[in-house]
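Student: Pasting model.pdb below, which is PDB, C-alpha atoms.
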ATOM      1  CA  MET A1335      80.697  86.056  81.488
ATOM      2  CA  LEU A1336      81.201  89.499  79.993
ATOM      3  CA  ASN A1337      78.786  90.742  77.362
ATOM      4  CA  HIS A1338      80.535  90.495  73.996
ATOM      5  CA  LYS A1339      80.245  90.117  70.234
ATOM      6  CA  VAL A1340      82.488  88.198  67.824
ATOM      7  CA  ALA A1341      82.571  88.927  64.086
ATOM      8  CA  GLY A1342      84.803  88.063  61.146
ATOM      9  CA  LYS A1343      87.519  85.513  60.504
ATOM     10  CA  GLY A1344      91.281  85.363  60.894
ATOM     11  CA  THR A1345      93.577  86.655  63.615
ATOM     12  CA  LEU A1346      91.634  87.784  66.672
ATOM     13  CA  ILE A1347      91.642  91.473  67.614
ATOM     14  CA  VAL A1348      90.271  92.294  71.054
ATOM     15  CA  PHE A1349      88.743  95.778  71.351
ATOM     16  CA  LEU A1350      88.536  97.272  74.857
ATOM     17  CA  HIS A1351      86.581 100.487  75.370
ATOM     18  CA  GLY A1352      87.349 103.281  77.812
ATOM     19  CA  PHE A1353      85.992 104.606  81.108
ATOM     20  CA  LEU A1354      82.192 105.215  81.056
ATOM     21  CA  GLU A1355      81.940 103.757  77.536
ATOM     22  CA  SER A1356      80.842 100.424  76.041
ATOM     23  CA  MET A1357      81.554  98.231  73.030
ATOM     24  CA  GLU A1358      79.349 100.615  71.011
ATOM     25  CA  MET A1359      82.336 102.955  70.658
ATOM     26  CA  TRP A1360      83.785 100.596  68.043
ATOM     27  CA  LYS A1361      80.795 100.815  65.679
ATOM     28  CA  ASN A1362      82.831 102.828  63.162
ATOM     29  CA  ILE A1363      85.632 100.257  62.900
ATOM     30  CA  SER A1364      84.974  98.944  59.413
ATOM     31  CA  ASN A1365      84.910  95.221  58.697
ATOM     32  CA  LYS A1366      85.916  96.011  55.126
ATOM     33  CA  THR A1367      88.996  97.941  56.227
ATOM     34  CA  ILE A1368      90.205  95.485  58.869
ATOM     35  CA  ASP A1369      89.512  91.903  57.822
ATOM     36  CA  PHE A1370      90.099  90.102  61.096
ATOM     37  CA  LYS A1371      88.052  88.335  63.737
ATOM     38  CA  LYS A1372      86.946  91.084  66.132
ATOM     39  CA  LEU A1373      86.045  90.555  69.758
ATOM     40  CA  LEU A1374      84.044  93.486  71.135
ATOM     41  CA  ILE A1375      83.628  93.488  74.911
ATOM     42  CA  ASP A1376      81.685  95.394  77.541
ATOM     43  CA  LEU A1377      84.097  95.697  80.467
ATOM     44  CA  PRO A1378      82.760  94.729  83.919
ATOM     45  CA  GLY A1379      80.127  97.217  85.054
ATOM     46  CA  HIS A1380      79.905  98.829  81.604
ATOM     47  CA  GLY A1381      77.424  98.222  78.802
ATOM     48  CA  GLU A1382      75.561  95.034  79.635
ATOM     49  CA  SER A1383      78.312  93.323  81.656
ATOM     50  CA  PRO A1384      77.900  92.551  85.389
ATOM     51  CA  PHE A1385      80.097  94.178  88.026
ATOM     52  CA  ASN A1386      81.338  91.863  90.774
ATOM     53  CA  PRO A1387      84.776  93.070  91.885
ATOM     54  CA  PRO A1388      86.771  91.297  94.606
ATOM     55  CA  SER A1389      86.855  92.816  98.080
ATOM     56  CA  SER A1390      90.519  93.792  97.700
ATOM     57  CA  ALA A1391      91.710  97.308  96.776
ATOM     58  CA  PRO A1392      90.571  98.495  93.320
ATOM     59  CA  CYS A1393      92.974  97.379  90.605
ATOM     60  CA  LEU A1394      92.996  96.639  86.880
ATOM     61  CA  PHE A1395      93.730  92.972  87.442
ATOM     62  CA  TYR A1396      89.997  92.410  88.000
ATOM     63  CA  PRO A1397      88.791  93.527  84.530
ATOM     64  CA  ALA A1398      91.907  92.028  82.899
ATOM     65  CA  LYS A1399      91.153  88.659  84.487
ATOM     66  CA  GLU A1400      87.564  88.786  83.265
ATOM     67  CA  VAL A1401      88.669  89.622  79.720
ATOM     68  CA  LEU A1402      91.252  86.822  79.750
ATOM     69  CA  SER A1403      88.599  84.362  80.910
ATOM     70  CA  LEU A1404      86.485  85.311  77.903
ATOM     71  CA  ILE A1405      89.439  85.024  75.503
ATOM     72  CA  ASN A1406      90.251  81.578  76.901
ATOM     73  CA  SER A1407      86.724  80.410  76.103
ATOM     74  CA  LEU A1408      87.362  81.174  72.409
ATOM     75  CA  ASP A1409      90.337  78.817  72.144
ATOM     76  CA  VAL A1410      92.777  81.093  70.271
ATOM     77  CA  ASP A1411      96.549  80.748  70.035
ATOM     78  CA  ARG A1412      97.368  84.421  69.306
ATOM     79  CA  TYR A1413      95.637  87.788  69.304
ATOM     80  CA  HIS A1414      96.144  91.554  69.327
ATOM     81  CA  VAL A1415      94.470  94.110  71.616
ATOM     82  CA  VAL A1416      93.302  97.639  70.848
ATOM     83  CA  GLY A1417      92.456  99.551  74.014
ATOM     84  CA  HIS A1418      90.988 103.021  74.347
ATOM     85  CA  SER A1419      92.079 104.994  77.428
ATOM     86  CA  LEU A1420      91.137 102.701  80.361
ATOM     87  CA  GLY A1421      91.002  99.850  77.847
ATOM     88  CA  GLY A1422      94.639 100.525  76.994
ATOM     89  CA  TYR A1423      95.679 100.219  80.630
ATOM     90  CA  ILE A1424      93.870  96.884  80.807
ATOM     91  CA  ALA A1425      95.467  95.783  77.523
ATOM     92  CA  LEU A1426      98.921  96.297  79.039
ATOM     93  CA  ARG A1427      97.958  94.138  81.997
ATOM     94  CA  ILE A1428      96.711  91.420  79.648
ATOM     95  CA  LYS A1429      99.950  91.595  77.658
ATOM     96  CA  LYS A1430     101.885  91.062  80.885
ATOM     97  CA  GLU A1431      99.795  88.043  81.867
ATOM     98  CA  ASP A1432      99.340  86.244  78.542
ATOM     99  CA  PRO A1433     102.110  85.337  76.036
ATOM    100  CA  ARG A1434      99.478  84.788  73.332
ATOM    101  CA  CYS A1435      98.870  88.546  73.296
ATOM    102  CA  GLU A1436     101.109  89.993  70.594
ATOM    103  CA  LYS A1437     100.443  93.587  69.495
ATOM    104  CA  VAL A1438      98.969  96.176  71.854
ATOM    105  CA  VAL A1439      97.566  99.429  70.474
ATOM    106  CA  LEU A1440      97.123 102.214  73.033
ATOM    107  CA  LEU A1441      94.403 104.453  71.615
ATOM    108  CA  ASN A1442      94.331 107.755  73.540
ATOM    109  CA  SER A1443      96.021 105.803  76.293
ATOM    110  CA  ASN A1444      99.510 105.468  77.744
ATOM    111  CA  ASN A1445     101.904 103.266  79.715
ATOM    112  CA  TRP A1446     102.849 105.498  82.640
ATOM    113  CA  GLU A1447     101.595 105.973  86.180
ATOM    114  CA  ASP A1448      99.374 108.951  87.001
ATOM    115  CA  ASN A1449     101.189 112.038  88.245
ATOM    116  CA  ALA A1450     100.415 113.423  91.716
ATOM    117  CA  ASN A1451      97.714 115.842  90.537
ATOM    118  CA  LYS A1452      95.993 113.186  88.463
ATOM    119  CA  LYS A1453      95.985 110.798  91.420
ATOM    120  CA  LYS A1454      94.273 113.439  93.538
ATOM    121  CA  ASP A1455      91.696 113.948  90.798
ATOM    122  CA  ARG A1456      90.982 110.206  90.637
ATOM    123  CA  ILE A1457      90.176 110.275  94.371
ATOM    124  CA  ARG A1458      87.965 113.336  93.874
ATOM    125  CA  VAL A1459      86.020 111.541  91.133
ATOM    126  CA  ALA A1460      85.564 108.444  93.294
ATOM    127  CA  ASP A1461      84.057 110.686  95.973
ATOM    128  CA  VAL A1462      81.889 112.953  93.822
ATOM    129  CA  VAL A1463      80.097 110.160  91.922
ATOM    130  CA  PHE A1464      78.332 109.135  95.141
ATOM    131  CA  LYS A1465      77.031 112.696  95.547
ATOM    132  CA  SER A1466      76.442 113.969  92.008
ATOM    133  CA  LYS A1467      76.975 111.123  89.526
ATOM    134  CA  ASN A1468      74.951 112.580  86.671
ATOM    135  CA  LEU A1469      76.493 116.030  87.078
ATOM    136  CA  PHE A1470      79.977 114.515  86.882
ATOM    137  CA  ILE A1471      79.083 112.513  83.767
ATOM    138  CA  ASN A1472      77.488 115.541  82.096
ATOM    139  CA  GLN A1473      80.688 117.508  82.596
ATOM    140  CA  ALA A1474      83.283 114.798  81.997
ATOM    141  CA  LEU A1475      82.241 113.127  78.750
ATOM    142  CA  PRO A1476      81.689 116.173  76.476
ATOM    143  CA  SER A1477      85.041 117.640  77.558
ATOM    144  CA  LEU A1478      86.832 114.657  76.020
ATOM    145  CA  PHE A1479      85.824 115.744  72.495
ATOM    146  CA  SER A1480      87.734 118.449  70.630
ATOM    147  CA  ASN A1481      84.442 119.803  69.216
ATOM    148  CA  PRO A1482      81.466 118.681  71.338
ATOM    149  CA  LYS A1483      78.911 120.414  69.094
ATOM    150  CA  LYS A1484      80.087 118.401  66.083
ATOM    151  CA  ASN A1485      79.654 115.119  67.949
ATOM    152  CA  LYS A1486      76.459 115.975  69.833
ATOM    153  CA  PRO A1487      74.502 112.799  68.846
ATOM    154  CA  GLU A1488      77.365 110.542  69.951
ATOM    155  CA  ILE A1489      77.749 112.469  73.202
ATOM    156  CA  LEU A1490      74.046 112.185  74.000
ATOM    157  CA  ASN A1491      74.213 108.417  73.499
ATOM    158  CA  LEU A1492      77.316 108.178  75.694
ATOM    159  CA  LEU A1493      75.686 110.232  78.443
ATOM    160  CA  LYS A1494      72.517 108.148  78.401
ATOM    161  CA  LYS A1495      74.459 104.896  78.703
ATOM    162  CA  ALA A1496      76.979 106.129  81.286
ATOM    163  CA  LYS A1497      74.210 107.299  83.634
ATOM    164  CA  THR A1498      73.051 103.694  83.962
ATOM    165  CA  TYR A1499      76.401 102.692  85.478
ATOM    166  CA  SER A1500      76.560 102.444  89.253
ATOM    167  CA  SER A1501      78.467 104.923  91.385
ATOM    168  CA  GLU A1502      80.320 101.947  92.851
ATOM    169  CA  CYS A1503      81.531 100.922  89.397
ATOM    170  CA  ILE A1504      82.650 104.423  88.422
ATOM    171  CA  ALA A1505      84.474 104.951  91.717
ATOM    172  CA  TYR A1506      86.150 101.546  91.473
ATOM    173  CA  TYR A1507      87.631 102.222  88.053
ATOM    174  CA  SER A1508      88.731 105.726  88.995
ATOM    175  CA  LEU A1509      90.703 104.318  91.928
ATOM    176  CA  ALA A1510      91.948 101.340  89.914
ATOM    177  CA  MET A1511      93.419 103.716  87.336
ATOM    178  CA  ARG A1512      94.970 105.733  90.158
ATOM    179  CA  ASN A1513      96.567 102.593  91.610
ATOM    180  CA  ARG A1514      98.167 101.365  88.399
ATOM    181  CA  LYS A1515     101.959 101.497  87.968
ATOM    182  CA  SER A1516     104.111 102.408  84.983
ATOM    183  CA  PHE A1517     104.504  99.689  82.360
ATOM    184  CA  SER A1518     107.845  99.165  80.625
ATOM    185  CA  ILE A1519     107.673  99.135  76.823
ATOM    186  CA  ASN A1520     110.425  96.657  75.981
ATOM    187  CA  ASN A1521     109.788  95.610  72.380
ATOM    188  CA  GLU A1522     108.210  96.750  69.110
ATOM    189  CA  ASN A1523     104.802  95.168  69.658
ATOM    190  CA  TYR A1524     103.460  98.298  71.362
ATOM    191  CA  PHE A1525     101.857 101.193  69.486
ATOM    192  CA  MET A1526     100.282 104.492  70.513
ATOM    193  CA  ILE A1527      97.654 106.541  68.695
ATOM    194  CA  HIS A1528      97.271 110.039  70.115
ATOM    195  CA  GLY A1529      94.777 112.835  69.460
ATOM    196  CA  GLU A1530      96.507 116.137  68.728
ATOM    197  CA  PHE A1531      93.878 117.978  70.781
ATOM    198  CA  ASP A1532      93.716 115.425  73.599
ATOM    199  CA  LYS A1533      94.078 117.399  76.836
ATOM    200  CA  THR A1534      94.463 114.328  79.041
ATOM    201  CA  ILE A1535      98.182 114.098  78.186
ATOM    202  CA  SER A1536     100.605 116.930  78.942
ATOM    203  CA  LYS A1537     103.310 118.133  76.548
ATOM    204  CA  GLU A1538     105.928 116.636  78.835
ATOM    205  CA  GLU A1539     104.211 113.253  78.790
ATOM    206  CA  LEU A1540     103.806 113.416  75.019
ATOM    207  CA  ASN A1541     107.515 114.094  74.585
ATOM    208  CA  LYS A1542     108.213 111.044  76.718
ATOM    209  CA  ALA A1543     105.913 108.998  74.515
ATOM    210  CA  LYS A1544     107.741 110.179  71.385
ATOM    211  CA  LEU A1545     111.015 108.866  72.790
ATOM    212  CA  THR A1546     109.441 105.564  73.819
ATOM    213  CA  PHE A1547     107.326 104.729  70.769
ATOM    214  CA  ARG A1548     109.207 106.626  68.031
ATOM    215  CA  ASN A1549     107.775 105.569  64.647
ATOM    216  CA  ARG A1550     105.098 103.530  66.434
ATOM    217  CA  LEU A1551     103.391 106.733  67.604
ATOM    218  CA  TYR A1552     100.576 107.958  65.343
ATOM    219  CA  PHE A1553      98.622 111.208  65.453
ATOM    220  CA  LEU A1554      94.994 112.019  64.690
ATOM    221  CA  LYS A1555      93.345 115.429  64.556
ATOM    222  CA  SER A1556      91.036 114.632  67.440
ATOM    223  CA  GLY A1557      90.554 115.004  71.158
ATOM    224  CA  HIS A1558      90.430 112.019  73.502
ATOM    225  CA  MET A1559      87.618 110.305  71.579
ATOM    226  CA  SER A1560      89.376 109.421  68.329
ATOM    227  CA  ALA A1561      87.065 106.540  67.431
ATOM    228  CA  TYR A1562      84.193 109.020  67.163
ATOM    229  CA  GLU A1563      86.080 112.037  65.854
ATOM    230  CA  CYS A1564      88.349 110.473  63.191
ATOM    231  CA  PRO A1565      86.959 106.995  62.365
ATOM    232  CA  VAL A1566      88.203 106.869  58.749
ATOM    233  CA  GLU A1567      91.740 107.869  59.653
ATOM    234  CA  LEU A1568      91.723 105.529  62.654
ATOM    235  CA  ASN A1569      90.713 102.612  60.452
ATOM    236  CA  LYS A1570      93.664 103.273  58.169
ATOM    237  CA  ILE A1571      96.156 103.405  61.031
ATOM    238  CA  LEU A1572      94.818 100.226  62.627
ATOM    239  CA  PHE A1573      95.078  98.478  59.282
ATOM    240  CA  GLU A1574      98.710  99.579  58.957
ATOM    241  CA  ILE A1575      99.545  98.384  62.469
ATOM    242  CA  LEU A1576      97.643  95.128  62.609
ATOM    243  CA  VAL A1577      98.208  93.621  59.174
ATOM    244  CA  ASP A1578     100.957  90.989  59.490
TER     245      ASP A1578
END
Output the file's structure in the form of structure tokens.
Tutor:
Amino acid sequence: MLNHKVAGKGTLIVFLHGFLESMEMWKNISNKTIDFKKLLIDLPGHGESPFNPPSSAPCLFYPAKEVLSLINSLDVDRYHVVGHSLGGYIALRIKKEDPRCEKVVLLNSNNWEDNANKKKDRIRVADVVFKSKNLFINQALPSLFSNPKKNKPEILNLLKKAKTYSSECIAYYSLAMRNRKSFSINNENYFMIHGEFDKTISKEELNKAKLTFRNRLYFLKSGHMSAYECPVELNKILFEILVD
């Protein structure tokens, strides 16, 4: 079973971290601000969770299935999911598979397939981590922050943890993200929170998101790592979204 923590009472909120991260990224989500039952999870191969993917081509069904298995063990009849980056992609897959999943919050994440250049980059990453894993991690993680110097302690912790992850795990997720398809947003239970200085989304993609999410699109003055860069503001937005 996946490494996890459960805290609080009420409607369950499942928090899914991003690529090369762990459940520790949610440490600034205040229990006082969001009074729900929170399920914090280390995705397979991340944090303290084991990594045993099937022999088939890398896909997000594997981590989604593992998360669903954990949720099923808690015996809940409804829940919401907040997913950061990779976690958002997995959240969409969970929403597709499980009618108990109601609201999905895409934090620095999206619902569309990678463009051609991004797909090439995913393949490059899957290759380079077997040659220079630590060099890749040292370059990739700090670049996700709008002001790396300001968040130096958090970055050092992220780097230390990410370097314990296997090259096989990192390559698998890079290819799984490459292989995902666009997800149709067909009702008002989907929300997006975007960092104004997040370079992982182009202006064209952001304009598409504005048309799709409309008043369910929120902005933070952050890069890709909003949970670290704007925790107070993020808490307020999550409260607004998730309170019934």
Student: Dump as a ChimeraX atom specification all residues having an atom at most 12 Å from (86.0, 93.2, 73.4), computed in the file's coordinates with only C-alpha atoms.
Tutor: /A:1336-1341,1346-1352,1356-1360,1371-1378,1380-1381,1383,1397-1398,1400-1405,1413-1418,1421-1422,1424-1425
Student: For the residues selected in the previous step, produce a file with C-alpha atoms as a compact mmCIF listing (two decimals), in the coordinates of the input.
Tutor:
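Final output, again-v8.txt:
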# COMPACT_ATOMS: atom_id res chain seq x y z
CA LEU A 1336 81.20 89.50 79.99
CA ASN A 1337 78.79 90.74 77.36
CA HIS A 1338 80.54 90.50 74.00
CA LYS A 1339 80.24 90.12 70.23
CA VAL A 1340 82.49 88.20 67.82
CA ALA A 1341 82.57 88.93 64.09
CA LEU A 1346 91.63 87.78 66.67
CA ILE A 1347 91.64 91.47 67.61
CA VAL A 1348 90.27 92.29 71.05
CA PHE A 1349 88.74 95.78 71.35
CA LEU A 1350 88.54 97.27 74.86
CA HIS A 1351 86.58 100.49 75.37
CA GLY A 1352 87.35 103.28 77.81
CA SER A 1356 80.84 100.42 76.04
CA MET A 1357 81.55 98.23 73.03
CA GLU A 1358 79.35 100.62 71.01
CA MET A 1359 82.34 102.96 70.66
CA TRP A 1360 83.78 100.60 68.04
CA LYS A 1371 88.05 88.34 63.74
CA LYS A 1372 86.95 91.08 66.13
CA LEU A 1373 86.04 90.56 69.76
CA LEU A 1374 84.04 93.49 71.14
CA ILE A 1375 83.63 93.49 74.91
CA ASP A 1376 81.68 95.39 77.54
CA LEU A 1377 84.10 95.70 80.47
CA PRO A 1378 82.76 94.73 83.92
CA HIS A 1380 79.90 98.83 81.60
CA GLY A 1381 77.42 98.22 78.80
CA SER A 1383 78.31 93.32 81.66
CA PRO A 1397 88.79 93.53 84.53
CA ALA A 1398 91.91 92.03 82.90
CA GLU A 1400 87.56 88.79 83.26
CA VAL A 1401 88.67 89.62 79.72
CA LEU A 1402 91.25 86.82 79.75
CA SER A 1403 88.60 84.36 80.91
CA LEU A 1404 86.48 85.31 77.90
CA ILE A 1405 89.44 85.02 75.50
CA TYR A 1413 95.64 87.79 69.30
CA HIS A 1414 96.14 91.55 69.33
CA VAL A 1415 94.47 94.11 71.62
CA VAL A 1416 93.30 97.64 70.85
CA GLY A 1417 92.46 99.55 74.01
CA HIS A 1418 90.99 103.02 74.35
CA GLY A 1421 91.00 99.85 77.85
CA GLY A 1422 94.64 100.52 76.99
CA ILE A 1424 93.87 96.88 80.81
CA ALA A 1425 95.47 95.78 77.52
Student: Pick out the closest residue to Lys1533 of chain A from this set: A:Asn1468, A:Gln1473, A:Ser1390, A:Ser1480. Count all atoms listed in the file.
Tutor: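 Checking each candidate against Lys1533 of chain A, we get A:Ser1480 as the closest.
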Student: Calculated over only C-alpha atoms, which of the candidates A:Tyr1524, A:Tyr1562, A:Phe1517, A:Tyr1507 has the smallest distance to Tyr1396 of chain A?
Tutor: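 That would be A:Tyr1507, the residue with the smallest distance to Tyr1396 of chain A.
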Student: What is the distance between atom CA of Glu1539 of chain A and atom CA of Met1511 of chain A, in Å to one decimal?
Tutor: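 Atom CA of Met1511 of chain A lies at a distance of 16.7 Å from atom CA of Glu1539 of chain A.
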Student: When you draw a straight line from atom CA of Asn1362 of chain A to atom CA of Leu1551 of chain A, how long is it in Å?
Tutor: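 A separation of 21.4 Å between them.
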Student: Give me the segment 1358-1418 of chain A side of the contact with segment 1502-1506 of chain A, cut-off 10 Å, one line per residue showing its nearest atom pair and distance in Å at one decimal, counting only C-alpha atoms, sorted by chain and residue number, as a Markdown table.
Tutor:
| residue | atom | partner | partner_atom | distance |
| --- | --- | --- | --- | --- |
| A:Pro1378 | CA | A:Cys1503 | CA | 8.4 |
| A:Gly1379 | CA | A:Cys1503 | CA | 5.9 |
| A:His1380 | CA | A:Cys1503 | CA | 8.2 |
| A:Pro1384 | CA | A:Cys1503 | CA | 10.0 |
| A:Phe1385 | CA | A:Cys1503 | CA | 7.0 |
| A:Asn1386 | CA | A:Cys1503 | CA | 9.2 |
| A:Pro1387 | CA | A:Tyr1506 | CA | 8.6 |
| A:Ala1391 | CA | A:Tyr1506 | CA | 8.8 |
| A:Pro1392 | CA | A:Tyr1506 | CA | 5.7 |
| A:Cys1393 | CA | A:Tyr1506 | CA | 8.0 |
| A:Leu1394 | CA | A:Tyr1506 | CA | 9.6 |
Student: Pick the closest to Asn1513 of chain A from A:Lys1430, A:Lys1454, A:Lys1495, A:Leu1490: which is it, counting only C-alpha atoms?
Tutor: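 Of the candidates, the smallest distance to Asn1513 of chain A is held by A:Lys1454.
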Student: I need the residue set behind the PyMOL selection byres ((chain A and resi 1512) around 9) for this file; please write it as a short mmCIF file (atom, residue, chain, number, x, y, z; two decimals) with C-alpha atoms, keeping the file's coordinate frame.
Tutor:
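Wrote it out as selection05.cif, contents follow:
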data_model
loop_
_atom_site.label_atom_id
_atom_site.label_comp_id
_atom_site.auth_asym_id
_atom_site.auth_seq_id
_atom_site.Cartn_x
_atom_site.Cartn_y
_atom_site.Cartn_z
CA CYS A 1393 92.97 97.38 90.60
CA GLU A 1447 101.60 105.97 86.18
CA ASP A 1448 99.37 108.95 87.00
CA LYS A 1452 95.99 113.19 88.46
CA LYS A 1453 95.98 110.80 91.42
CA LYS A 1454 94.27 113.44 93.54
CA ASP A 1455 91.70 113.95 90.80
CA ARG A 1456 90.98 110.21 90.64
CA ILE A 1457 90.18 110.28 94.37
CA TYR A 1507 87.63 102.22 88.05
CA SER A 1508 88.73 105.73 89.00
CA LEU A 1509 90.70 104.32 91.93
CA ALA A 1510 91.95 101.34 89.91
CA MET A 1511 93.42 103.72 87.34
CA ASN A 1513 96.57 102.59 91.61
CA ARG A 1514 98.17 101.36 88.40
CA LYS A 1515 101.96 101.50 87.97
#
Student: Which residue is closest to Asn1569 of chain A? Choose from A:Gly1342, A:Asn1451, A:Ile1527, A:Lys1465 and count all atoms listed in the file.
Tutor: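 Closest residue, counting all atoms listed in the file: A:Ile1527.
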Student: Here is a test: counting all atoms listed in the file, which residue of A:Asn1442, A:Ser1466, A:Asn1406, A:Asn1541 is nearest to Ser1556 of chain A?
Tutor: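 Distance minimum relative to Ser1556 of chain A lands on A:Asn1442.
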Student: Please report the interatomic distance between atom CA of Val1438 of chain A and atom CA of Arg1548 of chain A in Å with one decimal.
Tutor: 15.1 Å
Student: With 7 Å as the threshold, what does the neighbourhood of (75.3, 115.9, 75.1) contain in terms of residues, counting all atoms listed in the file? Coordinates are those of the file; answer as a list in words.
Tutor: Pro1476, Lys1486, Ile1489, Leu1490 and Leu1493 of chain A
Student: Show me, as a list in words, the residues that have an atom within 8 Å of Met1559 of chain A when counting only C-alpha atoms, minus same-chain residues fewer than 6 positions from it.
Tutor: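 What passes the distance filter is Asn1442, Leu1478, Phe1479 and Gly1529 of chain A.
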Student: For Asn1521 of chain A, which residue among A:Thr1546, A:Tyr1552, A:Leu1354, A:Leu1475 is the nearest when counting only C-alpha atoms?
Tutor: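 For Asn1521 of chain A, the nearest of the given residues is A:Thr1546.
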Student: Could you work out an axis-aligned box for segment 1454-1469 of chain A, taking every atom the file lists and adding 6 Å on each side, and report centre and edge lengths in Å to one decimal, as JSON?
Tutor:
{"center_x": 84.6, "center_y": 112.2, "center_z": 91.3, "size_x": 31.3, "size_y": 19.6, "size_z": 21.3}
Student: Using the chain letters and numbering of this document, enumerate as a VMD selection string the residues selected by the PyMOL selection byres ((chain A and resi 1543) around 12).
Tutor: chain A and resid 1440 1442 to 1446 1518 to 1519 1524 to 1528 1535 to 1542 1544 to 1553
Student: Could you list the residues chosen by the PyMOL selection byres ((chain A and resi 1570) around 12) in this structure as a list of chain:residue names?
Tutor: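 Going through the file, the PyMOL selection byres ((chain A and resi 1570) around 12) ends up selecting A:Asn1362, A:Ile1363, A:Ser1364, A:Asn1365, A:Lys1366, A:Thr1367, A:Ile1368, A:Ile1527, A:Tyr1552, A:Phe1553, A:Leu1554, A:Ala1561, A:Cys1564, A:Pro1565, A:Val1566, A:Glu1567, A:Leu1568, A:Asn1569, A:Ile1571, A:Leu1572, A:Phe1573, A:Glu1574, A:Ile1575, A:Leu1576, A:Val1577.
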Student: Output as a PDB file, keeping the file's coordinate frame: segment 1429-1442 of chain A, completed with N, CA and C atoms.
Tutor:
ATOM      1  N   LYS A1429      98.677  91.902  78.326  1.00  0.00           N
ATOM      2  CA  LYS A1429      99.950  91.595  77.658  1.00  0.00           C
ATOM      3  C   LYS A1429     100.955  91.007  78.645  1.00  0.00           C
ATOM      4  N   LYS A1430     100.969  91.535  79.850  1.00  0.00           N
ATOM      5  CA  LYS A1430     101.885  91.062  80.885  1.00  0.00           C
ATOM      6  C   LYS A1430     101.545  89.646  81.322  1.00  0.00           C
ATOM      7  N   GLU A1431     100.252  89.332  81.343  1.00  0.00           N
ATOM      8  CA  GLU A1431      99.795  88.043  81.867  1.00  0.00           C
ATOM      9  C   GLU A1431      99.779  86.927  80.832  1.00  0.00           C
ATOM     10  N   ASP A1432      99.618  87.269  79.542  1.00  0.00           N
ATOM     11  CA  ASP A1432      99.340  86.244  78.542  1.00  0.00           C
ATOM     12  C   ASP A1432     100.302  86.325  77.355  1.00  0.00           C
ATOM     13  N   PRO A1433     101.164  85.318  77.163  1.00  0.00           N
ATOM     14  CA  PRO A1433     102.110  85.337  76.036  1.00  0.00           C
ATOM     15  C   PRO A1433     101.440  85.233  74.671  1.00  0.00           C
ATOM     16  N   ARG A1434     100.189  84.853  74.616  1.00  0.00           N
ATOM     17  CA  ARG A1434      99.478  84.788  73.332  1.00  0.00           C
ATOM     18  C   ARG A1434      99.151  86.183  72.805  1.00  0.00           C
ATOM     19  N   CYS A1435      99.148  87.167  73.691  1.00  0.00           N
ATOM     20  CA  CYS A1435      98.870  88.546  73.296  1.00  0.00           C
ATOM     21  C   CYS A1435     100.100  89.122  72.610  1.00  0.00           C
ATOM     22  N   GLU A1436      99.968  89.514  71.367  1.00  0.00           N
ATOM     23  CA  GLU A1436     101.109  89.993  70.594  1.00  0.00           C
ATOM     24  C   GLU A1436     101.137  91.524  70.532  1.00  0.00           C
ATOM     25  N   LYS A1437     100.409  92.133  69.630  1.00  0.00           N
ATOM     26  CA  LYS A1437     100.443  93.587  69.495  1.00  0.00           C
ATOM     27  C   LYS A1437      99.428  94.257  70.422  1.00  0.00           C
ATOM     28  N   VAL A1438      99.853  95.359  71.021  1.00  0.00           N
ATOM     29  CA  VAL A1438      98.969  96.176  71.854  1.00  0.00           C
ATOM     30  C   VAL A1438      98.937  97.586  71.281  1.00  0.00           C
ATOM     31  N   VAL A1439      97.739  98.077  70.993  1.00  0.00           N
ATOM     32  CA  VAL A1439      97.566  99.429  70.474  1.00  0.00           C
ATOM     33  C   VAL A1439      96.913 100.283  71.560  1.00  0.00           C
ATOM     34  N   LEU A1440      97.631 101.299  72.021  1.00  0.00           N
ATOM     35  CA  LEU A1440      97.123 102.214  73.033  1.00  0.00           C
ATOM     36  C   LEU A1440      96.466 103.401  72.324  1.00  0.00           C
ATOM     37  N   LEU A1441      95.158 103.391  72.279  1.00  0.00           N
ATOM     38  CA  LEU A1441      94.403 104.453  71.615  1.00  0.00           C
ATOM     39  C   LEU A1441      94.013 105.504  72.654  1.00  0.00           C
ATOM     40  N   ASN A1442      94.561 106.714  72.535  1.00  0.00           N
ATOM     41  CA  ASN A1442      94.331 107.755  73.540  1.00  0.00           C
ATOM     42  C   ASN A1442      94.591 107.199  74.941  1.00  0.00           C
TER      43      ASN A1442
END
